[in-house]
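J.: Quick one: the structure is below, and I'll ask about it shortly.
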Amino acid sequence: MMDYDSLLNRRIKAVPPSGIRKFFDLLEEMPDALSLGIGEPDFVTPWHIRNAGIYSLEKGYTKYTPNKGLGELRRQISKYLSRRFELSYDPLKQIIVTVGGSEGLDLAMRCILEPDDEVIVPTPSFVCYGPLASMSMGKPVYVETKVENEFRLTPEELRAAITPKTKALVLPYPCNPTGGIMEKKDLEAIAEVLRDTNILVISDEIYCELTYGGEGHVSIASIPGMYERTLLVNGFSKAYSMTGWRMGYLCGPEALISEIVKLHQYGIMSAPTVSQYAAIEAMKNGDDDIRKMQEEYDGRRRFLLQGFREMGLECFEPKGAFYMFPCIKSTGMTSEEFCTEFLKAEQVAVIPGSAFGPGGEGFVRCCYAASMRDLAEALKRMKRFIESLKTEE
Amino acid sequence: MEKLLQLLESDCSLTTKQLAAMIGTSEAMVQESIKAYEEQNVILGYKAVVDWDRVKREGVTALIEVKVEPQQGDGFDRVAERIYQYEEVESCYLMSGDFDMTVIISGKSLREVALFVSQKLSAIDEVKATATHFILKKYKENHLIFQKPEKQKEEFIFV
């Protein structure tokens with residue numbers, strides 16, 4: 001008889017499964033529900049990118065690539081980061097192609113964390129940061145960002161969270177689920193706090209191409225003094241609608257990347273070859289696709305924002321990613337109650353803000369990477385739902 | 001308001017309210033702009049793209065290459081006018097290259113199209129020659145694909 005309990009790593013076992021499992025079980029029973037739940041672009045990958053993948057298969061490019069990824073892809077990533085964000089990374093020594101941005105985050109944590117090292121994670125944010133830190137033997141320290149600060153991380157909040165054990169700060173902007181962004185001045189204030197420390201920034205910039213209005217995304221690595229203390233995590237999923245291709249990359253100081261390569265090389269070998277060829281095409285000829293999709297999301301964003309506000313829901317105007325994060329406190333329900341009841345009553349799936357860590361309670365995440373038709377229908381049903389709550393009172 | 005035209009061109013079933021929200025302007029402003037565009041003939045009309053095969057309506061569409069002897073003074077415009085006034089003509093374009101005009105027509109049957117070409121189109125003095133190509137299958141029209149693409153089965157992932 002196997003004793004799995006004593007077999008399993010206690011740290012792994014201690015990581016709780018996703019907090020809204022119950023909600024997802026319910027959702028799975030309603031395959032026809034209108035979903036604003038999944039955080040994924042609704043566009044199919046542009047054809048010329050898909051075609052590049054198909055072409056690579058036709059040519060028989062089915063072998064491993066170098067551990068760090070195809071040289072041409074790393075050169076293209078380097079060029080892209082330079083033309084879009086004024087960043088300079090050596091394709092030979094400072095860039096590694098990963099299996100999605102997620103692998104990049106995992107590698108970043110694993111290469112620096114030792115038992116009980118602390119990682120500061122602003123929340124509400126994507127669900128993986130804390131668990132990844134825990135599974136790398138570290139300890140997440142959650143810092144709750146506030147709607148009144150447009151969900152930015154403030155220098156005061158950061159300063160208060162730093163201890164002698166702090167090894168890294170995760171900077172998840174543009175932010176899933178809040179839609180918050182950090183502008184240049186905000187990043188400069190964060191840089192001011194970090195410059196004299198030995199704290200690494202793990203900057204998750206996967207939504208960098210999806211910002212609305214303003215100056216566009218600024219990478220913290222481009223702020224003076226931050227380049228040498230930043231690991232930049234990015235990928236192709238959101239910008240090019242390539243979630244299923246699992247293509248990401250990690251850039252940073254050579255001293256870190258050379259160690260990270262070991263984790264990747266022994267754990268993964270190399271990212272999928274077909275996806276890398278598609279990614280080269282995306283980087284070379286995909287700027288226009290990005291622009292078109294961004295414009296499309298922007299229209300939907302404005303439409304949904306107006307709809308929420310018209311039905312009396314307080315909603316911060318998101319400036320990035322493709323999520324709306326309205327406040328549902330006025331209904332008197334918890335976010336999980338709200339989502340469960342809304343799903344049951346109107347068959348529309350939105351995600352409880354509580355799933356995204358401290359500060360998420362009282363909000364729900366609605367992904368607007370859906371057709372205008374679905375968004376209009378979802379708004380109609382939400383309005384009906386909210387009005388039904390009022391009559392019950 | 002070029003944005004408004006772009007949005008309408010891709011989907012004219014969007015309501016003025018939706019359009020206003022998407023552009024970030026007032027509904028009144030959108031209504032006013034649309035009215036102006038209609039008056040100035042910037043917006044010519046609104047139509048659904050129909051796949052008649054799905055309702056089993058018999059019909060044929062042909063693309064006709066037309067060689068034309070242009071008239072003194074009027075160039076091709078006068079000839080084009082004499083062609084496009086026919087109800088059957090769906091589209092009519094002046095072309096560069098080996099022939100002068102493309103005329104697209106729809107009819108109930110091959111015979112109906114043939115009659116149009118022989119009796120109406122070829123009867124126009126300036127029309128020197130025609131070549132009729134029947135459309136066998138429509139794949140895509142106005143950015144719309146006739147065969148609904150198969151969708152990846154959605155299974156839940158939490159992201």
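Chain lettering (A, B, ...) mirrors the order of the structure tokens, residue numbering begins at 1 for each chain separately, and ligand numbering begins at 1 in order of display.
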Mind running chain B against chain A at 12 Å and telling me each contacting residue's nearest atom pair with the distance in Å (one decimal), counting only C-alpha atoms, chain and number ascending, as CSV?
T.:
```
residue,atom,partner,partner_atom,distance
B:Lys3,CA,A:Glu295,CA,9.8
B:Leu4,CA,A:Gly299,CA,10.8
B:Gln6,CA,A:Glu296,CA,10.8
B:Leu7,CA,A:Glu296,CA,9.3
B:Ser10,CA,A:Glu296,CA,11.0
B:Asp11,CA,A:Met372,CA,9.9
B:Ser13,CA,A:Arg373,CA,9.7
B:Leu14,CA,A:Met372,CA,8.3
B:Thr15,CA,A:Ala376,CA,10.2
B:Thr16,CA,A:Phe303,CA,11.4
B:Lys17,CA,A:Phe303,CA,8.8
B:Gln18,CA,A:Phe303,CA,6.2
B:Leu19,CA,A:Phe303,CA,8.1
B:Ala20,CA,A:Phe303,CA,8.2
B:Ala21,CA,A:Phe303,CA,4.7
B:Met22,CA,A:Gly299,CA,3.9
B:Ile23,CA,A:Gly299,CA,6.3
B:Gly24,CA,A:Arg302,CA,6.9
B:Thr25,CA,A:Arg302,CA,10.2
B:Ser26,CA,A:Gln306,CA,11.3
B:Pro149,CA,A:Val44,CA,10.3
B:Glu150,CA,A:Val44,CA,11.1
B:Lys151,CA,A:Val44,CA,9.5
B:Gln152,CA,A:Val44,CA,9.8
B:Lys153,CA,A:Pro31,CA,10.5
B:Glu154,CA,A:Pro31,CA,8.7
B:Glu155,CA,A:Glu28,CA,8.4
B:Phe156,CA,A:Glu28,CA,7.6
B:Ile157,CA,A:Ile38,CA,7.2
B:Phe158,CA,A:Ile38,CA,6.6
B:Val159,CA,A:Gly39,CA,5.3
```
J.: Would you please extract all helix (DSSP H, G or I) residues from stretch 41-155 of chain B, as assigned by DSSP on the backbone, and give them as JSON, numbers by chain?
T.: {"B": [52, 53, 54, 55, 77, 78, 79, 80, 81, 82, 83, 84, 110, 111, 112, 113, 114, 115, 116, 117, 118, 119, 120, 121]}
J.: Would you compute the distance between atom CA of A:Cys366 and atom CA of A:Ser275? Give it in Å to one decimal.
T.: 29.0 Å
J.: Please identify all polymer residues within 10 Å of A:Arg159, counting only C-alpha atoms, omitting same-chain residues fewer than 4 positions from it, and present them as a list in words.
T.: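 Near neighbours after the sequence-gap exclusion: Thr154, Pro155, Thr163, Ile190, Val193 and Leu194 of chain A.
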J.: Keeping C-alpha atoms for every residue in the selection just given, could you write it to a file as a compact mmCIF listing (two decimals), in the first residue's frame?
T.:
```txt
# COMPACT_ATOMS: atom_id res chain seq x y z
CA THR A 154 2.00 52.69 -5.02
CA PRO A 155 5.53 53.24 -3.73
CA THR A 163 11.43 42.97 4.49
CA ILE A 190 8.45 52.18 -7.95
CA VAL A 193 11.98 52.44 -3.97
CA LEU A 194 13.89 49.57 -5.56
```
J.: Give me the residues within 8 Å of stretch 106-121 of chain A as a PDB file with N, CA and C atoms, in the first residue's frame, counting only C-alpha atoms and dropping any in the same chain fewer than 2 places off.
T.:
```pdb
ATOM      1  N   SER A 102       3.800  31.716 -18.950  1.00  0.00           N
ATOM      2  CA  SER A 102       3.723  31.012 -17.667  1.00  0.00           C
ATOM      3  C   SER A 102       5.024  30.302 -17.312  1.00  0.00           C
ATOM      4  N   GLU A 103       5.626  29.664 -18.297  1.00  0.00           N
ATOM      5  CA  GLU A 103       6.902  29.003 -17.997  1.00  0.00           C
ATOM      6  C   GLU A 103       7.940  30.036 -17.592  1.00  0.00           C
ATOM      7  N   GLY A 104       7.890  31.176 -18.260  1.00  0.00           N
ATOM      8  CA  GLY A 104       8.817  32.255 -17.921  1.00  0.00           C
ATOM      9  C   GLY A 104       8.687  32.665 -16.460  1.00  0.00           C
ATOM     10  N   THR A 123      -2.101  42.478  -5.659  1.00  0.00           N
ATOM     11  CA  THR A 123      -3.367  41.819  -6.023  1.00  0.00           C
ATOM     12  C   THR A 123      -4.470  42.877  -6.061  1.00  0.00           C
ATOM     13  N   TYR A 129       0.802  33.689  -9.609  1.00  0.00           N
ATOM     14  CA  TYR A 129       2.049  34.191  -9.002  1.00  0.00           C
ATOM     15  C   TYR A 129       2.322  33.595  -7.618  1.00  0.00           C
ATOM     16  N   GLY A 130       1.325  33.663  -6.753  1.00  0.00           N
ATOM     17  CA  GLY A 130       1.508  33.152  -5.390  1.00  0.00           C
ATOM     18  C   GLY A 130       1.830  31.670  -5.372  1.00  0.00           C
ATOM     19  N   LEU A 132       3.042  29.782  -7.716  1.00  0.00           N
ATOM     20  CA  LEU A 132       4.361  29.511  -8.302  1.00  0.00           C
ATOM     21  C   LEU A 132       5.457  29.824  -7.291  1.00  0.00           C
ATOM     22  N   ALA A 133       5.297  30.921  -6.558  1.00  0.00           N
ATOM     23  CA  ALA A 133       6.297  31.277  -5.546  1.00  0.00           C
ATOM     24  C   ALA A 133       6.338  30.189  -4.469  1.00  0.00           C
ATOM     25  N   SER A 136       7.986  27.096  -5.508  1.00  0.00           N
ATOM     26  CA  SER A 136       9.435  27.262  -5.628  1.00  0.00           C
ATOM     27  C   SER A 136      10.049  27.473  -4.252  1.00  0.00           C
ATOM     28  N   MET A 137       9.303  27.088  -3.221  1.00  0.00           N
ATOM     29  CA  MET A 137       9.768  27.155  -1.835  1.00  0.00           C
ATOM     30  C   MET A 137       9.760  28.569  -1.259  1.00  0.00           C
ATOM     31  N   GLY A 138       9.271  29.527  -2.036  1.00  0.00           N
ATOM     32  CA  GLY A 138       9.224  30.895  -1.531  1.00  0.00           C
ATOM     33  C   GLY A 138       7.914  31.177  -0.840  1.00  0.00           C
ATOM     34  N   LYS A 139       7.746  32.447  -0.502  1.00  0.00           N
ATOM     35  CA  LYS A 139       6.531  32.830   0.219  1.00  0.00           C
ATOM     36  C   LYS A 139       5.952  34.089  -0.421  1.00  0.00           C
ATOM     37  N   PRO A 140       4.727  33.982  -0.945  1.00  0.00           N
ATOM     38  CA  PRO A 140       4.142  35.189  -1.527  1.00  0.00           C
ATOM     39  C   PRO A 140       3.694  36.175  -0.447  1.00  0.00           C
ATOM     40  N   VAL A 141       3.951  37.432  -0.673  1.00  0.00           N
ATOM     41  CA  VAL A 141       3.468  38.483   0.232  1.00  0.00           C
ATOM     42  C   VAL A 141       2.530  39.352  -0.596  1.00  0.00           C
ATOM     43  N   TYR A 142       1.240  39.239  -0.299  1.00  0.00           N
ATOM     44  CA  TYR A 142       0.261  39.935  -1.137  1.00  0.00           C
ATOM     45  C   TYR A 142       0.090  41.384  -0.714  1.00  0.00           C
ATOM     46  N   VAL A 143       0.085  42.247  -1.686  1.00  0.00           N
ATOM     47  CA  VAL A 143      -0.146  43.667  -1.431  1.00  0.00           C
ATOM     48  C   VAL A 143      -1.407  44.055  -2.188  1.00  0.00           C
ATOM     49  N   ALA A 161       5.805  46.666   2.279  1.00  0.00           N
ATOM     50  CA  ALA A 161       5.818  45.203   2.143  1.00  0.00           C
ATOM     51  C   ALA A 161       7.229  44.622   2.125  1.00  0.00           C
ATOM     52  N   ILE A 162       8.207  45.496   1.944  1.00  0.00           N
ATOM     53  CA  ILE A 162       9.584  44.991   1.829  1.00  0.00           C
ATOM     54  C   ILE A 162      10.136  44.605   3.203  1.00  0.00           C
ATOM     55  N   LYS A 165      13.778  39.722   3.885  1.00  0.00           N
ATOM     56  CA  LYS A 165      13.657  38.457   3.136  1.00  0.00           C
ATOM     57  C   LYS A 165      13.120  38.658   1.713  1.00  0.00           C
ATOM     58  N   THR A 166      12.769  39.880   1.360  1.00  0.00           N
ATOM     59  CA  THR A 166      12.180  40.107   0.036  1.00  0.00           C
ATOM     60  C   THR A 166      13.199  39.865  -1.067  1.00  0.00           C
ATOM     61  N   LYS A 167      12.864  38.980  -1.964  1.00  0.00           N
ATOM     62  CA  LYS A 167      13.774  38.726  -3.086  1.00  0.00           C
ATOM     63  C   LYS A 167      13.262  39.309  -4.387  1.00  0.00           C
ATOM     64  N   ALA A 168      11.947  39.359  -4.512  1.00  0.00           N
ATOM     65  CA  ALA A 168      11.427  39.799  -5.808  1.00  0.00           C
ATOM     66  C   ALA A 168      10.074  40.483  -5.668  1.00  0.00           C
ATOM     67  N   LEU A 169       9.801  41.294  -6.666  1.00  0.00           N
ATOM     68  CA  LEU A 169       8.486  41.924  -6.806  1.00  0.00           C
ATOM     69  C   LEU A 169       7.917  41.476  -8.145  1.00  0.00           C
ATOM     70  N   VAL A 170       6.706  40.943  -8.115  1.00  0.00           N
ATOM     71  CA  VAL A 170       6.021  40.654  -9.377  1.00  0.00           C
ATOM     72  C   VAL A 170       5.277  41.919  -9.779  1.00  0.00           C
ATOM     73  N   LEU A 171       5.465  42.350 -11.008  1.00  0.00           N
ATOM     74  CA  LEU A 171       4.778  43.549 -11.482  1.00  0.00           C
ATOM     75  C   LEU A 171       3.850  43.142 -12.631  1.00  0.00           C
ATOM     76  N   ILE A 202      10.049  40.934 -11.369  1.00  0.00           N
ATOM     77  CA  ILE A 202       9.579  39.991 -12.387  1.00  0.00           C
ATOM     78  C   ILE A 202       8.397  40.673 -13.044  1.00  0.00           C
ATOM     79  N   LEU A 231      13.527  41.024 -14.698  1.00  0.00           N
ATOM     80  CA  LEU A 231      13.307  39.914 -15.626  1.00  0.00           C
ATOM     81  C   LEU A 231      11.989  40.208 -16.327  1.00  0.00           C
ATOM     82  N   LEU A 256      21.529  36.155 -14.989  1.00  0.00           N
ATOM     83  CA  LEU A 256      20.324  35.391 -14.607  1.00  0.00           C
ATOM     84  C   LEU A 256      19.909  34.430 -15.712  1.00  0.00           C
ATOM     85  N   GLU A 259      21.669  31.110 -15.954  1.00  0.00           N
ATOM     86  CA  GLU A 259      21.252  30.112 -14.960  1.00  0.00           C
ATOM     87  C   GLU A 259      19.865  29.557 -15.291  1.00  0.00           C
ATOM     88  N   ILE A 260      18.998  30.458 -15.721  1.00  0.00           N
ATOM     89  CA  ILE A 260      17.630  30.053 -16.069  1.00  0.00           C
ATOM     90  C   ILE A 260      17.635  29.022 -17.197  1.00  0.00           C
ATOM     91  N   LEU A 263      17.506  25.482 -15.989  1.00  0.00           N
ATOM     92  CA  LEU A 263      16.172  24.991 -15.605  1.00  0.00           C
ATOM     93  C   LEU A 263      15.383  24.572 -16.837  1.00  0.00           C
ATOM     94  N   HIS A 264      15.427  25.428 -17.843  1.00  0.00           N
ATOM     95  CA  HIS A 264      14.644  25.198 -19.058  1.00  0.00           C
ATOM     96  C   HIS A 264      15.205  24.005 -19.839  1.00  0.00           C
TER      97      HIS A 264
END
```
J.: Mind checking which residues fall within 6 Å of B:Asp100, counting only C-alpha atoms, ignoring those fewer than 2 positions away in the same chain, and posting them as a list in words?
T.: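 These residues fall inside the cut-off: Val66, Lys67, Leu94 and Met95 of chain B.
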J.: Output N, CA and C atoms for every residue in that selection, as a PDB file, in the first residue's frame.
T.:
```pdb
ATOM      1  N   VAL B  66     -15.883  42.167 -70.200  1.00  0.00           N
ATOM      2  CA  VAL B  66     -16.448  42.882 -71.348  1.00  0.00           C
ATOM      3  C   VAL B  66     -15.380  43.768 -71.991  1.00  0.00           C
ATOM      4  N   LYS B  67     -15.260  43.650 -73.302  1.00  0.00           N
ATOM      5  CA  LYS B  67     -14.387  44.574 -74.042  1.00  0.00           C
ATOM      6  C   LYS B  67     -15.259  45.648 -74.669  1.00  0.00           C
ATOM      7  N   LEU B  94     -14.943  49.203 -63.905  1.00  0.00           N
ATOM      8  CA  LEU B  94     -13.986  49.473 -64.981  1.00  0.00           C
ATOM      9  C   LEU B  94     -12.658  48.863 -64.559  1.00  0.00           C
ATOM     10  N   MET B  95     -12.017  48.157 -65.483  1.00  0.00           N
ATOM     11  CA  MET B  95     -10.825  47.390 -65.118  1.00  0.00           C
ATOM     12  C   MET B  95      -9.586  47.867 -65.853  1.00  0.00           C
TER      13      MET B  95
END
```
J.: So, counting only C-alpha atoms, which residue among A:Gly252, A:Ser222, A:Gly244, A:Lys146 is closest to A:Glu361?
T.: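 Checking each of A:Gly252, A:Ser222, A:Gly244, A:Lys146 against A:Glu361, counting only C-alpha atoms, the winner is A:Lys146.
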J.: Go through A:Arg384, A:Arg291, A:Lys79, A:Lys63 and flag the residue nearest A:Gln276, using only C-alpha atoms for the distances.
T.: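 Of A:Arg384, A:Arg291, A:Lys79, A:Lys63, the one nearest A:Gln276 is A:Lys63, counting only C-alpha atoms.
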J.: Would you mind listing what lies within 9 Å of A:Phe316 as JSON, numbers by chain, with only C-alpha atoms counted and same-chain residues fewer than 3 positions away left out?
T.: {"A": [147, 148, 150, 178, 179, 180, 305, 324, 325, 326, 327]}
J.: Okay, now the selection with N, CA and C atoms, as an mmCIF file, in the first residue's frame?
T.:
```
data_model
loop_
_atom_site.group_PDB
_atom_site.id
_atom_site.type_symbol
_atom_site.label_atom_id
_atom_site.label_comp_id
_atom_site.auth_asym_id
_atom_site.auth_seq_id
_atom_site.Cartn_x
_atom_site.Cartn_y
_atom_site.Cartn_z
ATOM 1 N N VAL A 147 -8.869 50.338 -5.766
ATOM 2 C CA VAL A 147 -9.572 50.902 -6.913
ATOM 3 C C VAL A 147 -9.379 52.418 -6.968
ATOM 4 N N GLU A 148 -9.291 53.057 -5.791
ATOM 5 C CA GLU A 148 -9.113 54.516 -5.806
ATOM 6 C C GLU A 148 -7.748 54.918 -6.375
ATOM 7 N N GLU A 150 -6.654 53.335 -8.973
ATOM 8 C CA GLU A 150 -6.790 52.660 -10.264
ATOM 9 C C GLU A 150 -5.991 51.363 -10.301
ATOM 10 N N THR A 178 -7.822 43.436 -13.293
ATOM 11 C CA THR A 178 -8.360 44.788 -13.028
ATOM 12 C C THR A 178 -8.378 45.682 -14.259
ATOM 13 N N GLY A 179 -7.477 45.413 -15.217
ATOM 14 C CA GLY A 179 -7.330 46.323 -16.351
ATOM 15 C C GLY A 179 -6.499 47.541 -15.999
ATOM 16 N N GLY A 180 -5.925 47.540 -14.799
ATOM 17 C CA GLY A 180 -5.062 48.657 -14.393
ATOM 18 C C GLY A 180 -3.744 48.636 -15.144
ATOM 19 N N LEU A 305 -18.185 49.265 -20.658
ATOM 20 C CA LEU A 305 -18.040 50.228 -19.564
ATOM 21 C C LEU A 305 -19.308 51.080 -19.456
ATOM 22 N N MET A 324 -12.969 43.857 -17.672
ATOM 23 C CA MET A 324 -13.696 44.894 -16.968
ATOM 24 C C MET A 324 -13.843 44.372 -15.555
ATOM 25 N N PHE A 325 -13.719 45.228 -14.558
ATOM 26 C CA PHE A 325 -13.730 44.748 -13.173
ATOM 27 C C PHE A 325 -14.725 45.569 -12.350
ATOM 28 N N PRO A 326 -16.025 45.420 -12.688
ATOM 29 C CA PRO A 326 -17.015 46.242 -11.989
ATOM 30 C C PRO A 326 -17.174 45.835 -10.523
ATOM 31 N N CYS A 327 -17.558 46.805 -9.721
ATOM 32 C CA CYS A 327 -17.775 46.584 -8.296
ATOM 33 C C CYS A 327 -19.234 46.180 -8.093
#
```
